[in-house]
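Heads up, coords-v7.cif below (mmCIF, C-alpha atoms):
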data_coords
#
loop_
_atom_site.group_PDB
_atom_site.id
_atom_site.type_symbol
_atom_site.label_atom_id
_atom_site.label_comp_id
_atom_site.auth_asym_id
_atom_site.auth_seq_id
_atom_site.Cartn_x
_atom_site.Cartn_y
_atom_site.Cartn_z
ATOM 1 C CA MET A 1 0.000 0.000 0.000
ATOM 2 C CA ARG A 2 2.741 2.429 0.892
ATOM 3 C CA VAL A 3 4.617 1.713 -2.341
ATOM 4 C CA THR A 4 1.535 2.725 -4.329
ATOM 5 C CA LYS A 5 1.247 6.067 -2.519
ATOM 6 C CA ASN A 6 4.920 6.817 -3.153
ATOM 7 C CA LEU A 7 4.605 5.733 -6.776
ATOM 8 C CA ASN A 8 1.618 8.049 -7.286
ATOM 9 C CA LYS A 9 3.665 10.975 -5.954
ATOM 10 C CA ILE A 10 6.502 10.111 -8.348
ATOM 11 C CA VAL A 11 4.166 9.873 -11.335
ATOM 12 C CA LYS A 12 2.516 13.210 -10.473
ATOM 13 C CA GLY A 13 5.941 14.821 -10.097
ATOM 14 C CA ALA A 14 7.039 13.411 -13.445
ATOM 15 C CA CYS A 15 3.971 14.904 -15.124
ATOM 16 C CA ASP A 16 4.728 18.303 -13.596
ATOM 17 C CA ILE A 17 8.363 18.137 -14.683
ATOM 18 C CA SER A 18 7.457 16.998 -18.186
ATOM 19 C CA LEU A 19 5.626 20.266 -18.869
ATOM 20 C CA GLY A 20 8.719 22.265 -17.967
ATOM 21 C CA ILE A 21 10.912 20.031 -20.082
ATOM 22 C CA SER A 22 8.528 20.296 -23.046
ATOM 23 C CA ILE A 23 8.698 24.103 -22.863
ATOM 24 C CA VAL A 24 12.496 24.082 -22.924
ATOM 25 C CA VAL A 25 12.611 21.495 -25.714
ATOM 26 C CA ALA A 26 10.080 23.380 -27.863
ATOM 27 C CA ILE A 27 12.040 26.623 -27.600
ATOM 28 C CA GLY A 28 15.319 24.766 -28.173
ATOM 29 C CA ILE A 29 13.992 23.127 -31.334
ATOM 30 C CA GLY A 30 12.742 26.501 -32.561
ATOM 31 C CA VAL A 31 16.174 28.048 -31.964
ATOM 32 C CA ALA A 32 17.847 25.130 -33.744
ATOM 33 C CA ILE A 33 15.542 25.494 -36.742
ATOM 34 C CA GLY A 34 16.162 29.242 -36.790
ATOM 35 C CA LEU A 35 19.931 28.784 -36.625
ATOM 36 C CA GLY A 36 19.786 26.191 -39.398
ATOM 37 C CA LEU A 37 17.741 28.460 -41.643
ATOM 38 C CA ARG A 38 20.048 31.377 -40.866
ATOM 39 C CA HIS A 39 23.063 29.255 -41.773
ATOM 40 C CA LEU A 40 21.445 28.173 -45.052
ATOM 41 C CA THR A 41 20.156 31.576 -46.116
ATOM 42 C CA GLY A 42 22.199 34.076 -44.120
ATOM 43 C CA SER A 43 19.047 35.945 -43.069
ATOM 44 C CA LEU A 44 18.778 36.962 -39.419
ATOM 45 C CA LEU A 45 15.021 37.261 -39.857
ATOM 46 C CA LEU A 46 14.703 33.487 -40.220
ATOM 47 C CA LEU A 47 16.506 33.001 -36.897
ATOM 48 C CA TRP A 48 13.867 35.127 -35.188
ATOM 49 C CA LEU A 49 11.161 33.255 -37.085
ATOM 50 C CA GLY A 50 12.459 29.957 -35.692
ATOM 51 C CA ILE A 51 12.624 31.358 -32.158
ATOM 52 C CA SER A 52 9.064 32.651 -32.532
ATOM 53 C CA ILE A 53 7.861 29.254 -33.710
ATOM 54 C CA GLY A 54 9.536 27.620 -30.702
ATOM 55 C CA ILE A 55 7.918 30.041 -28.271
ATOM 56 C CA ALA A 56 4.528 29.520 -29.933
ATOM 57 C CA ALA A 57 4.969 25.741 -29.605
ATOM 58 C CA ALA A 58 5.821 26.172 -25.906
ATOM 59 C CA PHE A 59 2.637 28.202 -25.342
ATOM 60 C CA LEU A 60 0.669 25.526 -27.196
ATOM 61 C CA ASN A 61 2.107 22.870 -24.855
ATOM 62 C CA VAL A 62 1.059 24.902 -21.813
ATOM 63 C CA TYR A 63 -2.426 25.420 -23.280
ATOM 64 C CA ARG A 64 -2.850 21.698 -23.913
ATOM 65 C CA ALA A 65 -1.662 20.851 -20.387
ATOM 66 C CA CYS A 66 -4.132 23.351 -18.869
ATOM 67 C CA LYS A 67 -6.928 21.979 -21.015
ATOM 68 C CA ALA A 68 -6.140 18.412 -19.888
ATOM 69 C CA LEU A 69 -6.029 19.532 -16.254
ATOM 70 C CA ASN A 70 -9.390 21.296 -16.565
ATOM 71 C CA SER A 71 -10.994 18.229 -18.108
ATOM 72 C CA SER A 72 -9.691 16.009 -15.309
ATOM 73 C CA LEU A 73 -11.015 18.475 -12.728
ATOM 74 C CA LYS A 74 -14.417 18.534 -14.463
ATOM 75 C CA GLU A 75 -14.623 14.775 -13.888
ATOM 76 C CA LEU A 76 -14.165 15.356 -10.159
ATOM 77 C CA GLU A 77 -16.729 18.158 -10.056
ATOM 78 C CA ASN A 78 -19.708 15.818 -10.013
ATOM 79 C CA ASN A 79 -18.098 13.206 -7.788
ATOM 80 C CA PRO A 80 -20.062 13.045 -4.521
ATOM 81 C CA LYS A 81 -16.836 12.478 -2.612
ATOM 82 C CA TYR A 82 -15.739 16.043 -3.383
ATOM 83 C CA LYS A 83 -19.082 17.815 -3.065
ATOM 84 C CA ALA A 84 -19.440 20.408 -0.317
ATOM 85 C CA ASP A 85 -21.634 19.132 2.496
ATOM 86 C CA PRO A 86 -23.927 21.869 3.900
ATOM 87 C CA LYS A 87 -23.736 20.435 7.414
ATOM 88 C CA ASN A 88 -20.011 21.216 7.484
ATOM 89 C CA PHE A 89 -20.669 24.937 7.195
ATOM 90 C CA ASP A 90 -21.542 27.064 10.176
ATOM 91 C CA ASP A 91 -24.506 29.407 9.799
ATOM 92 C CA ASP A 92 -23.496 31.984 12.420
ATOM 93 C CA ASP A 93 -21.153 34.675 11.368
ATOM 94 C CA GLU A 94 -18.522 35.105 14.039
ATOM 95 C CA TRP A 95 -17.033 38.065 12.260
ATOM 96 C CA ASP A 96 -20.264 40.056 12.348
ATOM 97 C CA GLU A 97 -20.511 39.752 16.135
ATOM 98 C CA ARG A 98 -17.251 41.626 16.664
ATOM 99 C CA ASP A 99 -18.492 44.793 14.978
#
Would you mind giving the structure from this file in structure tokens?
Amino acid sequence: MRVTKNLNKIVKGACDISLGISIVVAIGIGVAIGLGLRHLTGSLLLLWLGISIGIAAAFLNVYRACKALNSSLKELENNPKYKADPKNFDDDDEWDERD
């Protein structure tokens, strides 16, 4: 049982790290493409084009990760385990009594 809990933490950490790595890799590939095009053509504009494509790919990776996270949270939204129970909330306002 304990191994499973530790394994779940490792898998969650790997997913969090993979987003950061994908951002760096996307920008790195864009820079590499830009440098290659600059070397072939001699135009500095193509270097900036490659960097821009890499940054756009990094933003796309972040967008996809956020979209996947939102969809997984939507699944939990209707789960009765995570619903707010009204009996857990207190009706009296302690803060109003101090005024």
Identify all residues satisfying the PyMOL selection byres ((chain A and resi 48) around 12) in the given file; provide them as a compact mmCIF listing (two decimals) with C-alpha atoms, in the coordinates of the input.
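Below is the file selection16.txt, written as the result:
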# COMPACT_ATOMS: atom_id res chain seq x y z
CA ILE A 27 12.04 26.62 -27.60
CA GLY A 30 12.74 26.50 -32.56
CA VAL A 31 16.17 28.05 -31.96
CA ALA A 32 17.85 25.13 -33.74
CA ILE A 33 15.54 25.49 -36.74
CA GLY A 34 16.16 29.24 -36.79
CA LEU A 35 19.93 28.78 -36.62
CA GLY A 36 19.79 26.19 -39.40
CA LEU A 37 17.74 28.46 -41.64
CA ARG A 38 20.05 31.38 -40.87
CA SER A 43 19.05 35.94 -43.07
CA LEU A 44 18.78 36.96 -39.42
CA LEU A 45 15.02 37.26 -39.86
CA LEU A 46 14.70 33.49 -40.22
CA LEU A 47 16.51 33.00 -36.90
CA LEU A 49 11.16 33.26 -37.08
CA GLY A 50 12.46 29.96 -35.69
CA ILE A 51 12.62 31.36 -32.16
CA SER A 52 9.06 32.65 -32.53
CA ILE A 53 7.86 29.25 -33.71
CA GLY A 54 9.54 27.62 -30.70
CA ILE A 55 7.92 30.04 -28.27
Selection under test: the PyMOL selection byres ((chain A and resi 61) around 12); residues as a list of chain:residue names: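 Evaluating the PyMOL selection byres ((chain A and resi 61) around 12) on this file yields A:Ser18, A:Leu19, A:Gly20, A:Ile21, A:Ser22, A:Ile23, A:Val24, A:Val25, A:Ala26, A:Ile27, A:Gly54, A:Ile55, A:Ala56, A:Ala57, A:Ala58, A:Phe59, A:Leu60, A:Val62, A:Tyr63, A:Arg64, A:Ala65, A:Cys66, A:Lys67, A:Ala68.
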So that I have them on file, write out the residues from the current selection with C-alpha atoms, as a tab-separated table (two decimals), in the coordinates of the input.
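Listing of again19.tsv after writing:
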chain	number	residue	atom	x	y	z
A	18	SER	CA	7.46	17.00	-18.19
A	19	LEU	CA	5.63	20.27	-18.87
A	20	GLY	CA	8.72	22.26	-17.97
A	21	ILE	CA	10.91	20.03	-20.08
A	22	SER	CA	8.53	20.30	-23.05
A	23	ILE	CA	8.70	24.10	-22.86
A	24	VAL	CA	12.50	24.08	-22.92
A	25	VAL	CA	12.61	21.50	-25.71
A	26	ALA	CA	10.08	23.38	-27.86
A	27	ILE	CA	12.04	26.62	-27.60
A	54	GLY	CA	9.54	27.62	-30.70
A	55	ILE	CA	7.92	30.04	-28.27
A	56	ALA	CA	4.53	29.52	-29.93
A	57	ALA	CA	4.97	25.74	-29.60
A	58	ALA	CA	5.82	26.17	-25.91
A	59	PHE	CA	2.64	28.20	-25.34
A	60	LEU	CA	0.67	25.53	-27.20
A	62	VAL	CA	1.06	24.90	-21.81
A	63	TYR	CA	-2.43	25.42	-23.28
A	64	ARG	CA	-2.85	21.70	-23.91
A	65	ALA	CA	-1.66	20.85	-20.39
A	66	CYS	CA	-4.13	23.35	-18.87
A	67	LYS	CA	-6.93	21.98	-21.02
A	68	ALA	CA	-6.14	18.41	-19.89
Mind giving me the straight-line distance from atom CA of Asn8 of chain A to atom CA of Glu75 of chain A in Å, one decimal? 18.8 Å
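Take atom CA of Leu73 of chain A and atom CA of Ile17 of chain A: the distance between them is 19.5 Å.
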